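Containing CSV, C-alpha atoms and all ligand atoms: run_34.csv.
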chain,number,residue,atom,x,y,z
B,1,MET,CA,18.7,-6.0,16.8
B,2,THR,CA,20.8,-4.2,14.1
B,3,ASP,CA,21.4,-0.5,14.4
B,4,PHE,CA,18.9,0.2,11.6
B,5,GLU,CA,16.2,-1.6,13.6
B,6,THR,CA,17.1,0.3,16.8
B,7,ILE,CA,17.0,3.6,15.0
B,8,ASP,CA,13.7,2.7,13.3
B,9,VAL,CA,12.2,1.9,16.7
B,10,MET,CA,13.6,5.1,18.2
B,11,LEU,CA,12.2,7.3,15.4
B,12,SER,CA,8.8,5.6,15.5
B,13,ASP,CA,8.6,6.0,19.3
B,14,LEU,CA,9.4,9.7,18.9
B,15,LEU,CA,7.3,10.6,15.9
B,16,VAL,CA,4.6,8.2,14.9
B,17,ASN,CA,2.0,8.5,17.7
B,18,GLU,CA,0.0,5.6,16.3
B,19,PRO,CA,-3.7,5.8,17.0
B,20,GLU,CA,-5.0,3.1,19.3
B,21,PHE,CA,-7.3,1.6,16.7
B,22,ILE,CA,-4.4,1.2,14.3
B,23,THR,CA,-2.3,-0.6,16.9
B,24,HIS,CA,-5.3,-2.8,17.6
B,25,ALA,CA,-5.6,-3.7,13.9
B,26,LYS,CA,-2.0,-4.9,13.9
B,27,GLU,CA,-2.4,-6.9,17.2
B,28,ASN,CA,-5.7,-8.4,16.1
B,29,SER,CA,-4.2,-9.4,12.7
B,30,ILE,CA,-1.4,-11.3,14.5
B,31,LYS,CA,-4.0,-12.9,16.8
B,32,ASN,CA,-5.7,-14.2,13.7
B,33,HIS,CA,-2.5,-15.6,12.2
B,34,LEU,CA,-2.1,-13.1,9.3
B,35,PRO,CA,1.5,-12.8,8.2
B,36,GLU,CA,3.3,-9.7,9.4
B,37,TYR,CA,3.6,-8.1,6.0
B,38,GLU,CA,2.2,-4.7,6.9
B,39,VAL,CA,4.3,-1.6,6.4
B,40,SER,CA,6.2,-0.4,9.5
B,41,ALA,CA,4.8,2.2,11.8
B,42,SER,CA,7.0,4.9,10.4
B,43,GLN,CA,6.0,3.9,6.8
B,44,GLY,CA,2.4,3.9,7.8
B,45,LYS,CA,2.7,7.4,9.2
B,46,PHE,CA,4.6,8.4,6.0
B,47,LEU,CA,1.8,7.2,3.9
B,48,TYR,CA,-0.6,9.2,6.1
B,49,LEU,CA,1.5,12.3,5.6
B,50,ILE,CA,1.8,11.9,1.8
B,51,THR,CA,-2.0,11.5,1.7
B,52,LYS,CA,-2.5,14.7,3.5
B,53,LEU,CA,0.2,16.6,1.5
B,54,ASN,CA,-1.7,15.6,-1.7
B,55,ARG,CA,-5.0,16.5,-0.1
B,56,SER,CA,-6.3,13.2,-1.2
B,57,ALA,CA,-10.0,12.4,-0.9
B,58,ARG,CA,-10.0,9.1,-2.8
B,59,VAL,CA,-7.4,6.4,-2.1
B,60,LEU,CA,-7.1,3.1,-3.9
B,61,GLU,CA,-5.0,0.3,-2.2
B,62,ILE,CA,-4.1,-3.0,-3.9
B,63,GLY,CA,-3.3,-5.5,-1.1
B,64,THR,CA,-5.3,-5.1,2.2
B,65,LEU,CA,-4.0,-7.7,4.5
B,66,GLY,CA,-5.4,-6.8,8.0
B,67,GLY,CA,-6.1,-3.2,7.0
B,68,TYR,CA,-3.1,-1.6,8.8
B,69,SER,CA,-2.0,0.7,5.9
B,70,THR,CA,-5.7,1.0,5.0
B,71,LEU,CA,-6.4,2.6,8.3
B,72,TRP,CA,-3.5,5.1,8.0
B,73,PHE,CA,-5.0,6.2,4.7
B,74,ALA,CA,-8.5,6.5,6.2
B,75,HIS,CA,-7.1,8.5,9.1
B,76,ALA,CA,-5.5,10.9,6.7
B,77,ILE,CA,-8.6,11.6,4.6
B,78,LYS,CA,-11.0,11.4,7.6
B,79,SER,CA,-14.6,10.9,6.6
B,80,LYS,CA,-14.4,13.4,3.7
B,81,GLY,CA,-13.4,10.7,1.2
B,82,LYS,CA,-13.1,7.0,0.4
B,83,VAL,CA,-10.5,4.3,0.6
B,84,VAL,CA,-11.1,1.4,-1.7
B,85,THR,CA,-8.9,-1.6,-0.9
B,86,LEU,CA,-8.5,-4.8,-2.8
B,87,GLU,CA,-7.8,-8.2,-1.2
B,88,ILE,CA,-7.8,-11.7,-2.9
B,89,ASP,CA,-8.2,-13.8,0.3
B,90,SER,CA,-11.7,-13.8,1.9
B,91,ASN,CA,-10.5,-14.9,5.3
B,92,THR,CA,-7.9,-12.1,5.4
B,93,ALA,CA,-10.6,-9.7,4.3
B,94,LEU,CA,-12.8,-10.8,7.2
B,95,VAL,CA,-10.0,-9.9,9.7
B,96,ALA,CA,-9.5,-6.6,7.9
B,97,GLN,CA,-13.2,-5.9,8.1
B,98,GLN,CA,-13.2,-6.6,11.9
B,99,ASN,CA,-10.3,-4.2,12.3
B,100,ILE,CA,-12.0,-1.5,10.3
B,101,ASP,CA,-15.3,-2.0,12.2
B,102,SER,CA,-13.3,-1.3,15.4
B,103,SER,CA,-12.1,2.0,14.0
B,104,PRO,CA,-13.8,5.3,13.4
B,105,TYR,CA,-13.6,4.8,9.6
B,106,LYS,CA,-15.9,1.9,8.8
B,107,ASP,CA,-18.0,4.0,6.5
B,108,THR,CA,-14.9,5.4,4.8
B,109,ILE,CA,-13.4,2.1,3.7
B,110,ASP,CA,-14.6,-0.4,1.1
B,111,ILE,CA,-12.9,-3.8,0.8
B,112,LYS,CA,-13.4,-5.5,-2.5
B,113,VAL,CA,-12.6,-9.2,-2.3
B,114,GLY,CA,-11.2,-11.0,-5.3
B,115,PRO,CA,-8.2,-10.9,-7.6
B,116,ALA,CA,-7.1,-7.3,-7.9
B,117,THR,CA,-6.9,-7.4,-11.7
B,118,LYS,CA,-10.6,-8.4,-11.8
B,119,SER,CA,-11.6,-5.7,-9.3
B,120,LEU,CA,-9.6,-3.1,-11.1
B,121,GLN,CA,-11.1,-4.0,-14.5
B,122,LYS,CA,-14.6,-3.9,-13.0
B,123,MET,CA,-13.9,-0.4,-11.5
B,124,ILE,CA,-12.7,0.8,-14.9
B,125,GLU,CA,-15.8,-0.6,-16.7
B,126,ASN,CA,-18.0,1.1,-14.1
B,127,GLN,CA,-16.3,4.4,-14.7
B,128,GLU,CA,-15.5,4.8,-11.0
B,129,PRO,CA,-14.4,8.3,-10.1
B,130,LYS,CA,-10.6,8.8,-10.3
B,131,PHE,CA,-8.3,8.3,-7.3
B,132,ASP,CA,-5.9,10.9,-5.9
B,133,LEU,CA,-3.5,8.3,-4.4
B,134,ILE,CA,-2.9,4.6,-5.4
B,135,PHE,CA,-0.9,2.2,-3.2
B,136,ILE,CA,0.4,-1.0,-4.9
B,137,ASP,CA,1.2,-3.6,-2.3
B,138,ALA,CA,-0.1,-7.0,-3.3
B,139,ASP,CA,1.5,-9.9,-5.3
B,140,LYS,CA,4.6,-8.2,-6.8
B,141,GLU,CA,4.6,-10.3,-10.0
B,142,ASN,CA,1.6,-8.4,-11.2
B,143,ASN,CA,2.9,-4.9,-10.3
B,144,ALA,CA,3.2,-3.7,-14.0
B,145,ILE,CA,-0.3,-4.9,-14.7
B,146,TYR,CA,-1.6,-3.1,-11.7
B,147,LEU,CA,0.3,0.1,-12.8
B,148,ASN,CA,-1.4,0.0,-16.2
B,149,LEU,CA,-4.9,-0.6,-14.7
B,150,ALA,CA,-4.2,2.0,-12.0
B,151,TYR,CA,-3.3,4.5,-14.7
B,152,SER,CA,-6.9,4.2,-16.0
B,153,LEU,CA,-8.2,5.1,-12.6
B,154,SER,CA,-5.8,8.1,-12.1
B,155,GLN,CA,-5.7,11.7,-13.3
B,156,LYS,CA,-3.0,14.4,-13.6
B,157,GLY,CA,-1.4,14.7,-10.1
B,158,THR,CA,-2.4,11.3,-8.8
B,159,VAL,CA,0.3,9.8,-6.6
B,160,ILE,CA,1.2,6.2,-7.1
B,161,ILE,CA,3.3,4.4,-4.5
B,162,ALA,CA,4.6,0.8,-4.8
B,163,ASP,CA,5.9,-1.0,-1.7
B,164,ASN,CA,8.8,-3.6,-1.5
B,165,ILE,CA,10.8,-2.6,-4.6
B,166,VAL,CA,14.2,-3.5,-3.1
B,167,ARG,CA,13.7,-6.6,-1.0
B,168,ASP,CA,17.2,-6.9,0.4
B,169,GLY,CA,18.7,-6.1,-3.0
B,170,LYS,CA,17.1,-9.1,-4.8
B,171,ILE,CA,16.4,-6.8,-7.7
B,172,LEU,CA,20.1,-6.7,-8.4
B,173,ASP,CA,20.1,-10.5,-9.2
B,174,LYS,CA,20.2,-10.6,-13.0
B,175,ASN,CA,19.5,-14.4,-13.1
B,176,SER,CA,16.6,-14.3,-10.7
B,177,LYS,CA,13.7,-16.6,-11.7
B,178,ASN,CA,11.6,-15.2,-8.8
B,179,PRO,CA,8.4,-13.8,-10.3
B,180,SER,CA,8.2,-11.1,-7.6
B,181,VAL,CA,11.6,-9.9,-8.7
B,182,SER,CA,10.8,-9.8,-12.4
B,183,GLY,CA,7.4,-8.2,-11.6
B,184,VAL,CA,9.2,-5.4,-9.7
B,185,LYS,CA,11.7,-5.0,-12.5
B,186,LYS,CA,8.9,-4.7,-15.1
B,187,TYR,CA,7.2,-2.2,-13.0
B,188,LEU,CA,10.3,0.0,-12.6
B,189,ASN,CA,11.0,-0.3,-16.4
B,190,GLU,CA,7.5,0.9,-17.1
B,191,LEU,CA,8.0,3.9,-14.8
B,192,SER,CA,11.3,4.6,-16.5
B,193,THR,CA,10.1,4.5,-20.1
B,194,ASN,CA,6.5,5.8,-19.9
B,195,ASP,CA,6.3,9.6,-20.2
B,196,ASN,CA,3.0,9.5,-18.2
B,197,TYR,CA,5.1,9.1,-15.0
B,198,ASP,CA,7.5,11.2,-13.0
B,199,SER,CA,9.1,9.0,-10.3
B,200,ALA,CA,11.8,8.3,-7.7
B,201,GLY,CA,12.8,5.1,-5.9
B,202,ILE,CA,13.7,5.3,-2.2
B,203,ILE,CA,15.7,2.6,-0.3
B,204,THR,CA,14.6,2.1,3.3
B,205,ALA,CA,16.3,0.3,6.2
B,206,GLY,CA,14.5,-0.5,9.5
B,207,ILE,CA,12.4,-3.1,11.2
B,208,LYS,CA,11.4,-4.5,7.8
B,209,GLY,CA,15.0,-5.0,6.8
B,210,ILE,CA,16.4,-3.3,3.6
B,211,ASP,CA,13.6,-2.5,1.2
B,212,GLY,CA,12.1,0.5,-0.6
B,213,PHE,CA,9.3,2.1,-2.3
B,214,SER,CA,8.7,4.1,-5.5
B,215,LEU,CA,6.9,7.4,-5.5
B,216,THR,CA,5.3,8.5,-8.8
B,217,ILE,CA,3.2,11.5,-9.9
B,218,VAL,CA,1.0,11.0,-12.9
B,219,ASN,CA,1.7,13.8,-15.5
Y,301,LIG,N1,-0.9,-3.1,2.5
Y,301,LIG,C1,-0.9,-4.0,3.7
Y,301,LIG,C2,0.0,-5.2,3.4
Y,301,LIG,C3,-0.5,-6.0,2.2
Y,301,LIG,S1,0.3,-7.6,2.2
Y,301,LIG,C4,-0.3,-3.2,4.8
Y,301,LIG,O1,0.8,-2.6,4.6
Y,301,LIG,O2,-0.8,-3.2,5.9
Y,301,LIG,C5,-0.2,-8.2,0.6
Y,301,LIG,C6,-1.7,-8.6,0.5
Y,301,LIG,O3,-2.0,-8.7,-0.9
Y,301,LIG,C7,-2.0,-9.9,1.2
Y,301,LIG,O4,-3.1,-9.8,2.1
Y,301,LIG,C8,-2.4,-10.8,0.0
Y,301,LIG,O5,-3.4,-11.7,0.3
Y,301,LIG,C9,-2.9,-9.8,-1.0
Y,301,LIG,N2,-2.9,-10.3,-2.4
Y,301,LIG,C10,-2.0,-11.1,-2.9
Y,301,LIG,N3,-2.3,-11.4,-4.2
Y,301,LIG,C11,-3.4,-10.6,-4.5
Y,301,LIG,C12,-4.2,-10.4,-5.7
Y,301,LIG,N4,-3.9,-11.0,-6.8
Y,301,LIG,N5,-5.2,-9.6,-5.6
Y,301,LIG,C13,-5.5,-8.9,-4.5
Y,301,LIG,N6,-4.8,-9.1,-3.3
Y,301,LIG,C14,-3.8,-9.9,-3.3
Y,302,LIG,C1,6.1,-9.3,2.4
Y,302,LIG,C2,6.2,-8.0,2.7
Y,302,LIG,C3,5.4,-7.0,2.3
Y,302,LIG,O1,5.5,-5.7,2.6
Y,302,LIG,C4,4.4,-7.4,1.3
Y,302,LIG,O2,3.6,-6.4,0.9
Y,302,LIG,C5,4.2,-8.7,0.9
Y,302,LIG,C6,5.1,-9.7,1.5
Y,302,LIG,C7,7.0,-10.3,2.9
Y,302,LIG,O3,7.8,-10.0,3.8
Y,302,LIG,O4,7.1,-11.4,2.3
Y,303,MG,MG,4.3,-4.4,1.3

How would this structure read if it were set down as structure tokens?
Amino acid sequence: MTDFETIDVMLSDLLVNEPEFITHAKENSIKNHLPEYEVSASQGKFLYLITKLNRSARVLEIGTLGGYSTLWFAHAIKSKGKVVTLEIDSNTALVAQQNIDSSPYKDTIDIKVGPATKSLQKMIENQEPKFDLIFIDADKENNAIYLNLAYSLSQKGTVIIADNIVRDGKILDKNSKNPSVSGVKKYLNELSTNDNYDSAGIITAGIKGIDGFSLTIVN
């Protein structure tokens, strides 16, 4: 293990205190052969804390996987609100639903299965109530599209967080043909040039390697 990984494990052991149903979600996802793409324990706890800081009642997540981050959000809002989470893959969504059903928050979380762009467009058409926090963590090539759609579902003060904006420094590669890299660059460029957003990018190092997230408040 590198030092970063050891420190990350130490900090999570000291501070995270992961609820049993959230640990179970991670273990059951592995048992069902989902990739281990979920945020780290410390990042999950961080998302939970931001959700509480913002006094969020409604959270929108793009990219469910096994519902690990989803359950952290639900745990932060308790049963006073709603987490809507979008997942393209129906088998993955089934595992997430199992994990959510084994948690105290099955009535708090709605999984919408299908391509996120479609689900977002439908929610905008249906004039869904606005969200207090939006977490973008699906196919990175569509990040800028997700941001524009998410904006229509946000209001002043909405927090928008995007995961995986650094990916071991791949965003530095000017010649990259990787669509995830160009998607993240487009996303950051939109945050940078659009006055609707007030943002920072944070580099992280730990059990998920060198990566990072952006934190945005909608003006
Ligand atoms: N937020 C999760 C991890 C999500 S991994 C956590 O931290 O626990 C990314 C997920 O996005 C995968 O499950 C993948 O199937 C899903 N995904 C990929 N492309 C998508 C799309 N176009 N629409 C919706 N979900 C998508
Ligand atoms: C991967 C990691 C993520 O956090 C994610 O959202 C998607 C993919 C990965 O390690 O490939
Ligand atoms: Mg991610």

Give me the residues of chain B that have any atom at most 10 Å from an atom of ligand MG 303 (chain Y); for each, the nearest atom pair and the distance in Å, rounded to one decimal. Use only C-alpha atoms and all ligand atoms, sort by chain and number, and format it as CSV.
residue,atom,partner,partner_atom,distance
B:Glu36,CA,Y:MG303,MG,9.7
B:Tyr37,CA,Y:MG303,MG,6.0
B:Glu38,CA,Y:MG303,MG,6.0
B:Val39,CA,Y:MG303,MG,5.8
B:Ser40,CA,Y:MG303,MG,9.3
B:Ile62,CA,Y:MG303,MG,10.0
B:Gly63,CA,Y:MG303,MG,8.0
B:Thr64,CA,Y:MG303,MG,9.7
B:Leu65,CA,Y:MG303,MG,9.5
B:Ser69,CA,Y:MG303,MG,9.3
B:Phe135,CA,Y:MG303,MG,9.5
B:Ile136,CA,Y:MG303,MG,8.1
B:Asp137,CA,Y:MG303,MG,4.8
B:Ala138,CA,Y:MG303,MG,6.9
B:Asp139,CA,Y:MG303,MG,9.0
B:Lys140,CA,Y:MG303,MG,9.0
B:Ala162,CA,Y:MG303,MG,8.0
B:Asp163,CA,Y:MG303,MG,4.8
B:Asn164,CA,Y:MG303,MG,5.4
B:Ile165,CA,Y:MG303,MG,9.0
B:Arg167,CA,Y:MG303,MG,9.9
B:Lys208,CA,Y:MG303,MG,9.6
B:Asp211,CA,Y:MG303,MG,9.5
B:Gly212,CA,Y:MG303,MG,9.4
B:Phe213,CA,Y:MG303,MG,9.0

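Between CA of Ile100 in chain B and CA of Ser12 in chain B lies a distance of 22.6 Å.
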
Using only C-alpha atoms, which protein or nucleic acid residues come within 12 Å of Met10 in chain B? Drop anything in the same chain fewer than 5 positions from it, and give the result as an MDAnalysis selection string. chainID B and resid 3:5 15:16 41:42 206:207

Just to confirm, what's the straight-line distance from CA of His75 in chain B to atom C4 of ligand LIG 302 (chain Y) in Å (one decimal)?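 The value is 21.1 Å.
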
Could you work out how far CA of Val9 in chain B lies from CA of Glu87 in chain B, giving the answer in Å with one decimal?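 Taking CA of Glu87 in chain B and CA of Val9 in chain B, their separation equals 28.7 Å.
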
Counting all atoms listed in the file, closest pick from B:Ile109, B:Ile145, B:Leu34, B:Leu71 relative to ligand LIG 302 (chain Y) is B:Leu34

When distances are computed from only C-alpha atoms, which of B:Gln97, B:Asn143, B:Ser152, B:Thr70 shows the smallest separation from Gln121 in chain B?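 Of all the options, B:Ser152 lies closest to Gln121 in chain B.
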
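Counting only C-alpha atoms and all ligand atoms and comparing B:Ala96, B:Leu153, B:Leu215, B:Leu188, the residue that lies closest to ligand LIG 301 (chain Y) is B:Ala96.
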
When distances are computed from all atoms listed in the file, which of B:Tyr68, B:Tyr187, B:Tyr48, B:Tyr197 shows the smallest separation from Glu20 in chain B? B:Tyr68

Report as a PDB file with C-alpha atoms, keeping the file's coordinate frame all protein, DNA and RNA residues lying within 9 Å of Pro104 in chain B, evaluated on only C-alpha atoms, omitting residues in the same chain fewer than 5 positions from it.
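File written: out_38.pdb
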ATOM      1  CA  PHE B  21      -7.300   1.600  16.700  1.00  0.00           C
ATOM      2  CA  HIS B  75      -7.100   8.500   9.100  1.00  0.00           C
ATOM      3  CA  LYS B  78     -11.000  11.400   7.600  1.00  0.00           C
ATOM      4  CA  SER B  79     -14.600  10.900   6.600  1.00  0.00           C
TER       5      SER B  79
END

For Ile161 in chain B, the nearest of the candidates B:Asp198, B:Asp173, B:Glu125, B:Asp107, counting all atoms listed in the file: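 Smallest separation from Ile161 in chain B among the options: B:Asp198.
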
Find the residues near Asn54 in chain B: any atom within 10 Å, counting only C-alpha atoms, skip ones fewer than 4 places away on the same chain, and give them as a PyMOL selection string. chain B and resi 49-50+132-133+157-159
